[in-house]
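Here is protein-v5.pdb, consisting of PDB, C-alpha atoms, pLDDT in the B column:
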MODEL        1
ATOM      1  CA  MET A  20      -7.988  -0.220  -2.206  1.00 90.00           C
ATOM      2  CA  ARG A  21      -7.540  -3.905  -3.081  1.00 92.00           C
ATOM      3  CA  GLN A  22      -9.242  -3.184  -6.395  1.00 94.00           C
ATOM      4  CA  LEU A  23      -6.922  -0.249  -7.085  1.00 95.00           C
ATOM      5  CA  VAL A  24      -3.837  -2.300  -6.256  1.00 96.00           C
ATOM      6  CA  GLY A  25      -4.991  -4.841  -8.830  1.00 97.00           C
ATOM      7  CA  GLU A  26      -5.633  -2.151 -11.421  1.00 97.00           C
ATOM      8  CA  ALA A  27      -2.212  -0.584 -10.826  1.00 97.00           C
ATOM      9  CA  LEU A  28      -0.528  -3.963 -11.271  1.00 97.00           C
ATOM     10  CA  ARG A  29      -2.433  -4.705 -14.448  1.00 97.00           C
ATOM     11  CA  ALA A  30      -1.699  -1.239 -15.878  1.00 97.00           C
ATOM     12  CA  ARG A  31       2.025  -1.616 -15.193  1.00 97.00           C
ATOM     13  CA  ARG A  32       2.006  -5.087 -16.752  1.00 97.00           C
ATOM     14  CA  ALA A  33       0.249  -3.758 -19.855  1.00 97.00           C
ATOM     15  CA  GLU A  34       2.789  -0.918 -20.049  1.00 95.00           C
ATOM     16  CA  GLN A  35       5.571  -3.489 -20.173  1.00 95.00           C
ATOM     17  CA  GLY A  36       3.675  -5.640 -22.656  1.00 97.00           C
ATOM     18  CA  LEU A  37       3.957  -8.665 -20.368  1.00 97.00           C
ATOM     19  CA  THR A  38       1.548 -11.560 -20.120  1.00 97.00           C
ATOM     20  CA  LEU A  39       0.316 -12.953 -16.819  1.00 97.00           C
ATOM     21  CA  ARG A  40       2.385 -16.052 -17.572  1.00 97.00           C
ATOM     22  CA  GLU A  41       5.564 -14.008 -17.973  1.00 97.00           C
ATOM     23  CA  VAL A  42       5.016 -12.100 -14.735  1.00 97.00           C
ATOM     24  CA  SER A  43       4.168 -15.364 -12.998  1.00 97.00           C
ATOM     25  CA  GLY A  44       7.465 -16.872 -14.161  1.00 97.00           C
ATOM     26  CA  ARG A  45       9.533 -13.857 -13.216  1.00 96.00           C
ATOM     27  CA  ALA A  46       7.929 -13.384  -9.807  1.00 96.00           C
ATOM     28  CA  ARG A  47       7.691 -17.120  -9.090  1.00 95.00           C
ATOM     29  CA  VAL A  48       4.086 -16.672  -8.078  1.00 95.00           C
ATOM     30  CA  SER A  49       1.244 -18.777  -9.460  1.00 96.00           C
ATOM     31  CA  LEU A  50      -0.552 -17.314 -12.461  1.00 96.00           C
ATOM     32  CA  GLY A  51      -3.950 -17.846 -10.840  1.00 96.00           C
ATOM     33  CA  TYR A  52      -2.959 -15.920  -7.747  1.00 96.00           C
ATOM     34  CA  ILE A  53      -1.622 -12.944  -9.726  1.00 97.00           C
ATOM     35  CA  SER A  54      -4.761 -12.954 -11.823  1.00 97.00           C
ATOM     36  CA  GLU A  55      -6.957 -12.851  -8.701  1.00 97.00           C
ATOM     37  CA  VAL A  56      -4.863 -10.036  -7.235  1.00 97.00           C
ATOM     38  CA  GLU A  57      -5.159  -8.055 -10.477  1.00 97.00           C
ATOM     39  CA  ARG A  58      -8.926  -8.452 -10.395  1.00 97.00           C
ATOM     40  CA  GLY A  59      -9.021  -7.226  -6.782  1.00 96.00           C
ATOM     41  CA  GLN A  60     -10.267 -10.584  -5.550  1.00 96.00           C
ATOM     42  CA  LYS A  61      -7.275 -11.454  -3.391  1.00 95.00           C
ATOM     43  CA  GLU A  62      -5.240  -9.290  -1.068  1.00 94.00           C
ATOM     44  CA  ALA A  63      -1.577  -9.046  -2.036  1.00 93.00           C
ATOM     45  CA  SER A  64       0.868  -9.465   0.835  1.00 92.00           C
ATOM     46  CA  SER A  65       3.835  -7.121   1.135  1.00 93.00           C
ATOM     47  CA  GLU A  66       6.105  -9.905  -0.111  1.00 93.00           C
ATOM     48  CA  LEU A  67       3.917 -10.588  -3.142  1.00 94.00           C
ATOM     49  CA  LEU A  68       3.759  -6.897  -4.000  1.00 95.00           C
ATOM     50  CA  ALA A  69       7.539  -6.652  -3.764  1.00 95.00           C
ATOM     51  CA  ALA A  70       7.965  -9.707  -6.018  1.00 96.00           C
ATOM     52  CA  LEU A  71       5.472  -8.376  -8.561  1.00 97.00           C
ATOM     53  CA  ALA A  72       7.030  -4.902  -8.559  1.00 96.00           C
ATOM     54  CA  GLU A  73      10.419  -6.472  -9.279  1.00 96.00           C
ATOM     55  CA  ALA A  74       8.952  -8.671 -12.023  1.00 97.00           C
ATOM     56  CA  LEU A  75       7.334  -5.570 -13.552  1.00 97.00           C
ATOM     57  CA  ASP A  76      10.594  -3.645 -13.259  1.00 95.00           C
ATOM     58  CA  VAL A  77       8.988  -0.845 -11.267  1.00 95.00           C
ATOM     59  CA  PRO A  78      10.038   0.318  -7.800  1.00 96.00           C
ATOM     60  CA  LEU A  79       7.523  -0.762  -5.168  1.00 96.00           C
ATOM     61  CA  SER A  80       7.266   2.902  -4.139  1.00 96.00           C
ATOM     62  CA  GLY A  81       6.147   3.737  -7.686  1.00 96.00           C
ATOM     63  CA  LEU A  82       3.471   1.073  -7.552  1.00 96.00           C
ATOM     64  CA  LEU A  83       2.219   2.430  -4.222  1.00 96.00           C
ATOM     65  CA  ARG A  84       2.121   5.922  -5.678  1.00 96.00           C
ATOM     66  CA  ASP A  85       0.002   4.633  -8.583  1.00 95.00           C
ATOM     67  CA  VAL A  86      -2.448   3.289  -6.004  1.00 95.00           C
ATOM     68  CA  ALA A  87      -2.304   6.479  -3.915  1.00 96.00           C
ATOM     69  CA  ASP A  88      -3.008   8.604  -6.988  1.00 95.00           C
ATOM     70  CA  GLN A  89      -6.051   6.562  -7.940  1.00 94.00           C
ATOM     71  CA  LEU A  90      -7.251   6.476  -4.332  1.00 94.00           C
ATOM     72  CA  GLU A  91      -6.986  10.234  -4.155  1.00 94.00           C
ATOM     73  CA  ILE A  92      -9.194  10.603  -7.227  1.00 92.00           C
ATOM     74  CA  HIS A  93     -11.789   8.401  -5.503  1.00 89.00           C
ATOM     75  CA  GLU A  94     -11.443  10.334  -2.240  1.00 89.00           C
ATOM     76  CA  VAL A  95     -11.913  13.686  -3.955  1.00 88.00           C
ATOM     77  CA  GLY A  96     -14.881  12.234  -5.825  1.00 86.00           C
ATOM     78  CA  SER A  97     -16.477  11.088  -2.566  1.00 84.00           C
ATOM     79  CA  ARG A  98     -15.914  14.484  -0.941  1.00 82.00           C
ATOM     80  CA  LEU A  99     -17.471  16.253  -3.912  1.00 85.00           C
ATOM     81  CA  ALA A 100     -20.436  13.875  -3.860  1.00 84.00           C
ATOM     82  CA  SER A 101     -20.966  14.531  -0.137  1.00 81.00           C
ATOM     83  CA  VAL A 102     -21.186  18.326  -0.624  1.00 77.00           C
ATOM     84  CA  SER A 103     -23.170  18.169  -3.863  1.00 64.00           C
ATOM     85  CA  PRO A 104     -26.767  19.448  -3.563  1.00 63.00           C
ATOM     86  CA  ILE A 105     -27.860  16.510  -5.691  1.00 58.00           C
ATOM     87  CA  SER A 106     -27.395  13.119  -4.054  1.00 55.00           C
ATOM     88  CA  SER A 107     -26.648  10.083  -6.148  1.00 56.00           C
ATOM     89  CA  ASP A 108     -30.088   8.758  -5.111  1.00 58.00           C
ATOM     90  CA  GLU A 109     -31.799  11.780  -6.618  1.00 54.00           C
ATOM     91  CA  VAL A 110     -29.757  11.366  -9.770  1.00 53.00           C
ATOM     92  CA  ARG A 111     -30.825   7.761  -9.963  1.00 55.00           C
ATOM     93  CA  VAL A 112     -34.479   8.715  -9.436  1.00 53.00           C
ATOM     94  CA  SER A 113     -34.446  11.482 -12.020  1.00 51.00           C
ATOM     95  CA  ALA A 114     -32.696   9.214 -14.503  1.00 50.00           C
ATOM     96  CA  ALA A 115     -35.308   6.496 -14.021  1.00 47.00           C
TER      97      ALA A 115
ATOM     98  CA  MET B  30       7.038  -2.788   3.294  1.00 90.00           C
ATOM     99  CA  ARG B  31       4.984  -4.270   6.112  1.00 92.00           C
ATOM    100  CA  GLN B  32       7.414  -2.643   8.539  1.00 94.00           C
ATOM    101  CA  LEU B  33       7.041   0.732   6.817  1.00 95.00           C
ATOM    102  CA  VAL B  34       3.245   0.504   6.865  1.00 96.00           C
ATOM    103  CA  GLY B  35       3.458  -0.015  10.618  1.00 97.00           C
ATOM    104  CA  GLU B  36       5.831   2.900  11.062  1.00 97.00           C
ATOM    105  CA  ALA B  37       3.612   5.184   8.984  1.00 97.00           C
ATOM    106  CA  LEU B  38       0.590   4.239  11.080  1.00 97.00           C
ATOM    107  CA  ARG B  39       2.451   4.799  14.331  1.00 97.00           C
ATOM    108  CA  ALA B  40       3.822   8.161  13.149  1.00 97.00           C
ATOM    109  CA  ARG B  41       0.344   9.358  12.149  1.00 97.00           C
ATOM    110  CA  ARG B  42      -1.065   8.201  15.474  1.00 97.00           C
ATOM    111  CA  ALA B  43       1.685  10.057  17.362  1.00 97.00           C
ATOM    112  CA  GLU B  44       0.982  13.168  15.283  1.00 95.00           C
ATOM    113  CA  GLN B  45      -2.620  13.053  16.429  1.00 94.00           C
ATOM    114  CA  GLY B  46      -1.619  12.340  20.015  1.00 97.00           C
ATOM    115  CA  LEU B  47      -3.805   9.243  20.076  1.00 97.00           C
ATOM    116  CA  THR B  48      -3.257   6.105  22.131  1.00 97.00           C
ATOM    117  CA  LEU B  49      -3.544   2.610  20.697  1.00 97.00           C
ATOM    118  CA  ARG B  50      -6.687   2.241  22.797  1.00 97.00           C
ATOM    119  CA  GLU B  51      -8.285   5.301  21.231  1.00 97.00           C
ATOM    120  CA  VAL B  52      -7.493   4.200  17.687  1.00 97.00           C
ATOM    121  CA  SER B  53      -8.736   0.722  18.523  1.00 97.00           C
ATOM    122  CA  GLY B  54     -12.052   2.154  19.722  1.00 97.00           C
ATOM    123  CA  ARG B  55     -12.483   4.437  16.748  1.00 96.00           C
ATOM    124  CA  ALA B  56     -11.531   1.833  14.147  1.00 96.00           C
ATOM    125  CA  ARG B  57     -13.341  -1.010  15.950  1.00 95.00           C
ATOM    126  CA  VAL B  58     -10.254  -3.160  15.582  1.00 95.00           C
ATOM    127  CA  SER B  59      -8.652  -5.004  18.479  1.00 96.00           C
ATOM    128  CA  LEU B  60      -5.825  -3.163  20.216  1.00 96.00           C
ATOM    129  CA  GLY B  61      -3.534  -6.183  19.962  1.00 96.00           C
ATOM    130  CA  TYR B  62      -4.007  -6.424  16.219  1.00 96.00           C
ATOM    131  CA  ILE B  63      -3.268  -2.723  15.638  1.00 97.00           C
ATOM    132  CA  SER B  64      -0.213  -3.009  17.848  1.00 97.00           C
ATOM    133  CA  GLU B  65       1.090  -5.969  15.828  1.00 97.00           C
ATOM    134  CA  VAL B  66       0.455  -4.105  12.571  1.00 97.00           C
ATOM    135  CA  GLU B  67       2.298  -1.044  13.891  1.00 97.00           C
ATOM    136  CA  ARG B  68       5.275  -3.206  14.786  1.00 97.00           C
ATOM    137  CA  GLY B  69       5.287  -4.745  11.296  1.00 96.00           C
ATOM    138  CA  GLN B  70       4.425  -8.171  12.653  1.00 96.00           C
ATOM    139  CA  LYS B  71       1.039  -8.541  10.947  1.00 95.00           C
ATOM    140  CA  GLU B  72      -0.019  -7.632   7.459  1.00 94.00           C
ATOM    141  CA  ALA B  73      -2.828  -5.059   7.360  1.00 93.00           C
ATOM    142  CA  SER B  74      -5.648  -5.861   4.959  1.00 92.00           C
ATOM    143  CA  SER B  75      -7.044  -3.143   2.717  1.00 92.00           C
ATOM    144  CA  GLU B  76     -10.107  -2.939   4.944  1.00 93.00           C
ATOM    145  CA  LEU B  77      -8.028  -2.583   8.105  1.00 94.00           C
ATOM    146  CA  LEU B  78      -5.880   0.120   6.514  1.00 95.00           C
ATOM    147  CA  ALA B  79      -8.994   2.011   5.460  1.00 95.00           C
ATOM    148  CA  ALA B  80     -10.461   1.757   8.983  1.00 96.00           C
ATOM    149  CA  LEU B  81      -7.197   2.892  10.586  1.00 97.00           C
ATOM    150  CA  ALA B  82      -6.791   5.785   8.150  1.00 96.00           C
ATOM    151  CA  GLU B  83     -10.295   6.952   9.014  1.00 95.00           C
ATOM    152  CA  ALA B  84      -9.618   6.581  12.744  1.00 96.00           C
ATOM    153  CA  LEU B  85      -6.413   8.596  12.321  1.00 96.00           C
ATOM    154  CA  ASP B  86      -8.258  11.215  10.284  1.00 95.00           C
ATOM    155  CA  VAL B  87      -5.899  10.903   7.338  1.00 95.00           C
ATOM    156  CA  PRO B  88      -6.864   9.990   3.774  1.00 96.00           C
ATOM    157  CA  LEU B  89      -5.787   6.459   2.917  1.00 96.00           C
ATOM    158  CA  SER B  90      -3.932   7.923  -0.072  1.00 96.00           C
ATOM    159  CA  GLY B  91      -1.879  10.065   2.332  1.00 96.00           C
ATOM    160  CA  LEU B  92      -0.986   7.023   4.387  1.00 96.00           C
ATOM    161  CA  LEU B  93       0.112   5.174   1.239  1.00 96.00           C
ATOM    162  CA  ARG B  94       2.221   8.149   0.220  1.00 96.00           C
ATOM    163  CA  ASP B  95       3.923   8.089   3.642  1.00 95.00           C
ATOM    164  CA  VAL B  96       4.822   4.464   2.967  1.00 95.00           C
ATOM    165  CA  ALA B  97       5.898   5.184  -0.628  1.00 96.00           C
ATOM    166  CA  ASP B  98       8.143   8.030   0.557  1.00 95.00           C
ATOM    167  CA  GLN B  99       9.878   5.850   3.121  1.00 94.00           C
ATOM    168  CA  LEU B 100      10.166   2.977   0.643  1.00 94.00           C
ATOM    169  CA  GLU B 101      11.784   5.300  -1.862  1.00 94.00           C
ATOM    170  CA  ILE B 102      14.426   6.295   0.683  1.00 92.00           C
ATOM    171  CA  HIS B 103      15.180   2.603   1.224  1.00 89.00           C
ATOM    172  CA  GLU B 104      15.232   1.949  -2.529  1.00 89.00           C
ATOM    173  CA  VAL B 105      17.646   4.806  -3.190  1.00 88.00           C
ATOM    174  CA  GLY B 106      19.792   3.605  -0.296  1.00 86.00           C
ATOM    175  CA  SER B 107      19.946   0.099  -1.778  1.00 84.00           C
ATOM    176  CA  ARG B 108      20.875   1.445  -5.213  1.00 82.00           C
ATOM    177  CA  LEU B 109      23.623   3.585  -3.711  1.00 84.00           C
ATOM    178  CA  ALA B 110      24.937   0.632  -1.705  1.00 83.00           C
ATOM    179  CA  SER B 111      25.046  -1.528  -4.839  1.00 80.00           C
ATOM    180  CA  VAL B 112      27.227   0.978  -6.732  1.00 77.00           C
ATOM    181  CA  SER B 113      29.410   1.926  -3.750  1.00 64.00           C
ATOM    182  CA  PRO B 114      33.068   0.835  -4.081  1.00 63.00           C
ATOM    183  CA  ILE B 115      33.033  -0.072  -0.386  1.00 58.00           C
ATOM    184  CA  SER B 116      30.731  -2.934   0.556  1.00 55.00           C
ATOM    185  CA  SER B 117      29.062  -2.948   3.949  1.00 56.00           C
ATOM    186  CA  ASP B 118      31.181  -6.010   4.783  1.00 58.00           C
ATOM    187  CA  GLU B 119      34.366  -4.062   4.236  1.00 54.00           C
ATOM    188  CA  VAL B 120      33.008  -1.232   6.379  1.00 53.00           C
ATOM    189  CA  ARG B 121      32.265  -3.719   9.092  1.00 55.00           C
ATOM    190  CA  VAL B 122      35.763  -5.217   8.840  1.00 52.00           C
ATOM    191  CA  SER B 123      37.519  -1.857   8.892  1.00 51.00           C
ATOM    192  CA  ALA B 124      35.415  -0.738  11.845  1.00 50.00           C
ATOM    193  CA  ALA B 125      36.283  -3.908  13.781  1.00 47.00           C
TER     194      ALA B 125
ENDMDL
END
Once more with this new file: its structure as structure tokens, please.
Amino acid sequence: MRQLVGEALRARRAEQGLTLREVSGRARVSLGYISEVERGQKEASSELLAALAEALDVPLSGLLRDVADQLEIHEVGSRLASVSPISSDEVRVSAA
Amino acid sequence: MRQLVGEALRARRAEQGLTLREVSGRARVSLGYISEVERGQKEASSELLAALAEALDVPLSGLLRDVADQLEIHEVGSRLASVSPISSDEVRVSAA
């Protein structure tokens, strides 16, 4: 989920054509921290997420929905994989 | 948002008729920690949220949507308040 939060933030930033530096200035959060959050390396607190959502001019609920949508794709993927007659191990073996 | 995450977790737990102790056992997370998260006093990490979602038998995406829905209600409320001709202060004064 941390990874998906980062991806959602980066996608919204790209949509707005903003640099990390611009978001950092607007949100008053260090550039390095935002960069780590975007790469899924650091957990974003609720306060940070709220500040970033405001800086990106997106409602926090919209950002959470971005994450939920991506999570759901992963969840459906995992469910499909678990009922598939071919396991990912077998795929790896046959591809080798 | 932290508050709303806690409320969403508590609502899902109530729906399932589970006690804090049961969720704690299933998620292998201390009861005190879950209780603090439910009350919005502690931030839940991505890993904790994933463990709690699994313990509550709800997809993590569903839990995030619960939070997004509640957040949206708050966001709309704030927007309405900001355009209302009567400020909450005035309401308070006239009610006094």
Would you translate the PyMOL selection byres ((chain B) within 12 of (chain A)) into the concrete set of residues it matches in this file, as JSON, numbers by chain?
-> {"B": [30, 31, 32, 33, 34, 35, 69, 70, 71, 72, 73, 74, 75, 76, 77, 78, 79, 80, 83, 87, 88, 89, 90, 91, 92, 93, 94, 95, 96, 97, 98, 99, 100, 101, 102, 103, 104, 105, 107, 108]}
Separation of CA of Leu81 in chain B from CA of Val102 in chain A, in Å and rounded to one decimal |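 Distance reported for this atom pair: 23.7 Å.
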Show which residues sit within 12 Å of Leu75 in chain A, as a list in words. Count only C-alpha atoms, and ignore same-chain residues fewer than 3 positions away.
-> Ala27, Leu28, Arg29, Ala30, Arg31, Arg32, Ala33, Glu34, Gln35, Gly36, Leu37, Thr38, Leu39, Glu41, Val42, Ser43, Gly44, Arg45, Ala46, Leu68, Ala69, Ala70, Leu71, Ala72, Pro78, Leu79, Gly81 and Leu82 of chain A
Please indicate the distance in Å from CA of Val66 in chain B to CA of Arg50 in chain B, rounded to one decimal place.
->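 These two atoms are separated by 14.0 Å.
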Length of the CA of Arg68 in chain B to CA of Ser49 in chain A vector [Å] =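 Separation between CA of Arg68 in chain B and CA of Ser49 in chain A: 29.1 Å.
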Kindly complete range 78-89 of chain A to all heavy atoms; the output should be written as a JSON list (two decimals), keeping the file's coordinate frame.
[["chain", "number", "residue", "atom", "x", "y", "z"],
["A", 78, "PRO", "N", 9.80, 0.31, -9.25],
["A", 78, "PRO", "CA", 10.04, 0.32, -7.80],
["A", 78, "PRO", "C", 8.71, 0.15, -7.05],
["A", 78, "PRO", "O", 7.67, 0.64, -7.53],
["A", 78, "PRO", "CB", 10.65, 1.69, -7.53],
["A", 78, "PRO", "CG", 10.49, 2.50, -8.77],
["A", 78, "PRO", "CD", 10.11, 1.58, -9.89],
["A", 79, "LEU", "N", 8.75, -0.55, -5.95],
["A", 79, "LEU", "CA", 7.52, -0.76, -5.17],
["A", 79, "LEU", "C", 6.91, 0.58, -4.77],
["A", 79, "LEU", "O", 5.68, 0.74, -4.74],
["A", 79, "LEU", "CB", 7.86, -1.61, -3.93],
["A", 79, "LEU", "CG", 6.72, -2.05, -3.03],
["A", 79, "LEU", "CD1", 5.57, -2.64, -3.80],
["A", 79, "LEU", "CD2", 7.22, -3.03, -1.98],
["A", 80, "SER", "N", 7.78, 1.57, -4.50],
["A", 80, "SER", "CA", 7.27, 2.90, -4.14],
["A", 80, "SER", "C", 6.44, 3.49, -5.29],
["A", 80, "SER", "O", 5.43, 4.15, -5.07],
["A", 80, "SER", "CB", 8.41, 3.84, -3.77],
["A", 80, "SER", "OG", 9.29, 4.00, -4.87],
["A", 81, "GLY", "N", 6.87, 3.22, -6.53],
["A", 81, "GLY", "CA", 6.15, 3.74, -7.69],
["A", 81, "GLY", "C", 4.77, 3.10, -7.81],
["A", 81, "GLY", "O", 3.78, 3.77, -8.10],
["A", 82, "LEU", "N", 4.74, 1.80, -7.52],
["A", 82, "LEU", "CA", 3.47, 1.07, -7.55],
["A", 82, "LEU", "C", 2.52, 1.63, -6.49],
["A", 82, "LEU", "O", 1.33, 1.85, -6.74],
["A", 82, "LEU", "CB", 3.76, -0.41, -7.30],
["A", 82, "LEU", "CG", 2.73, -1.41, -7.73],
["A", 82, "LEU", "CD1", 2.49, -1.37, -9.23],
["A", 82, "LEU", "CD2", 3.19, -2.82, -7.33],
["A", 83, "LEU", "N", 3.06, 1.88, -5.30],
["A", 83, "LEU", "CA", 2.22, 2.43, -4.22],
["A", 83, "LEU", "C", 1.72, 3.82, -4.58],
["A", 83, "LEU", "O", 0.59, 4.19, -4.25],
["A", 83, "LEU", "CB", 3.00, 2.51, -2.92],
["A", 83, "LEU", "CG", 3.19, 1.22, -2.15],
["A", 83, "LEU", "CD1", 3.76, 1.51, -0.77],
["A", 83, "LEU", "CD2", 1.87, 0.47, -2.00],
["A", 84, "ARG", "N", 2.56, 4.59, -5.27],
["A", 84, "ARG", "CA", 2.12, 5.92, -5.68],
["A", 84, "ARG", "C", 1.01, 5.83, -6.72],
["A", 84, "ARG", "O", 0.08, 6.64, -6.70],
["A", 84, "ARG", "CB", 3.30, 6.73, -6.23],
["A", 84, "ARG", "CG", 4.12, 7.37, -5.15],
["A", 84, "ARG", "CD", 5.15, 8.32, -5.73],
["A", 84, "ARG", "NE", 6.40, 8.20, -5.02],
["A", 84, "ARG", "CZ", 6.62, 8.67, -3.78],
["A", 84, "ARG", "NH1", 5.65, 9.30, -3.14],
["A", 84, "ARG", "NH2", 7.78, 8.50, -3.19],
["A", 85, "ASP", "N", 1.10, 4.85, -7.62],
["A", 85, "ASP", "CA", 0.00, 4.63, -8.58],
["A", 85, "ASP", "C", -1.31, 4.46, -7.81],
["A", 85, "ASP", "O", -2.33, 5.04, -8.15],
["A", 85, "ASP", "CB", 0.21, 3.34, -9.40],
["A", 85, "ASP", "CG", 1.38, 3.42, -10.37],
["A", 85, "ASP", "OD1", 1.94, 4.52, -10.55],
["A", 85, "ASP", "OD2", 1.72, 2.37, -10.95],
["A", 86, "VAL", "N", -1.24, 3.59, -6.79],
["A", 86, "VAL", "CA", -2.45, 3.29, -6.00],
["A", 86, "VAL", "C", -2.91, 4.54, -5.26],
["A", 86, "VAL", "O", -4.10, 4.86, -5.25],
["A", 86, "VAL", "CB", -2.18, 2.13, -5.01],
["A", 86, "VAL", "CG1", -3.41, 1.85, -4.16],
["A", 86, "VAL", "CG2", -1.76, 0.87, -5.76],
["A", 87, "ALA", "N", -1.95, 5.27, -4.66],
["A", 87, "ALA", "CA", -2.30, 6.48, -3.92],
["A", 87, "ALA", "C", -2.97, 7.51, -4.84],
["A", 87, "ALA", "O", -3.95, 8.15, -4.45],
["A", 87, "ALA", "CB", -1.06, 7.06, -3.25],
["A", 88, "ASP", "N", -2.43, 7.64, -6.04],
["A", 88, "ASP", "CA", -3.01, 8.60, -6.99],
["A", 88, "ASP", "C", -4.46, 8.25, -7.31],
["A", 88, "ASP", "O", -5.34, 9.11, -7.31],
["A", 88, "ASP", "CB", -2.21, 8.61, -8.30],
["A", 88, "ASP", "CG", -0.83, 9.24, -8.13],
["A", 88, "ASP", "OD1", -0.59, 9.89, -7.10],
["A", 88, "ASP", "OD2", 0.02, 9.06, -9.03],
["A", 89, "GLN", "N", -4.69, 6.98, -7.60],
["A", 89, "GLN", "CA", -6.05, 6.56, -7.94],
["A", 89, "GLN", "C", -6.97, 6.70, -6.74],
["A", 89, "GLN", "O", -8.13, 7.11, -6.87],
["A", 89, "GLN", "CB", -6.06, 5.11, -8.45],
["A", 89, "GLN", "CG", -5.42, 4.94, -9.81],
["A", 89, "GLN", "CD", -6.07, 5.83, -10.88],
["A", 89, "GLN", "OE1", -7.29, 5.88, -10.99],
["A", 89, "GLN", "NE2", -5.27, 6.55, -11.63]]
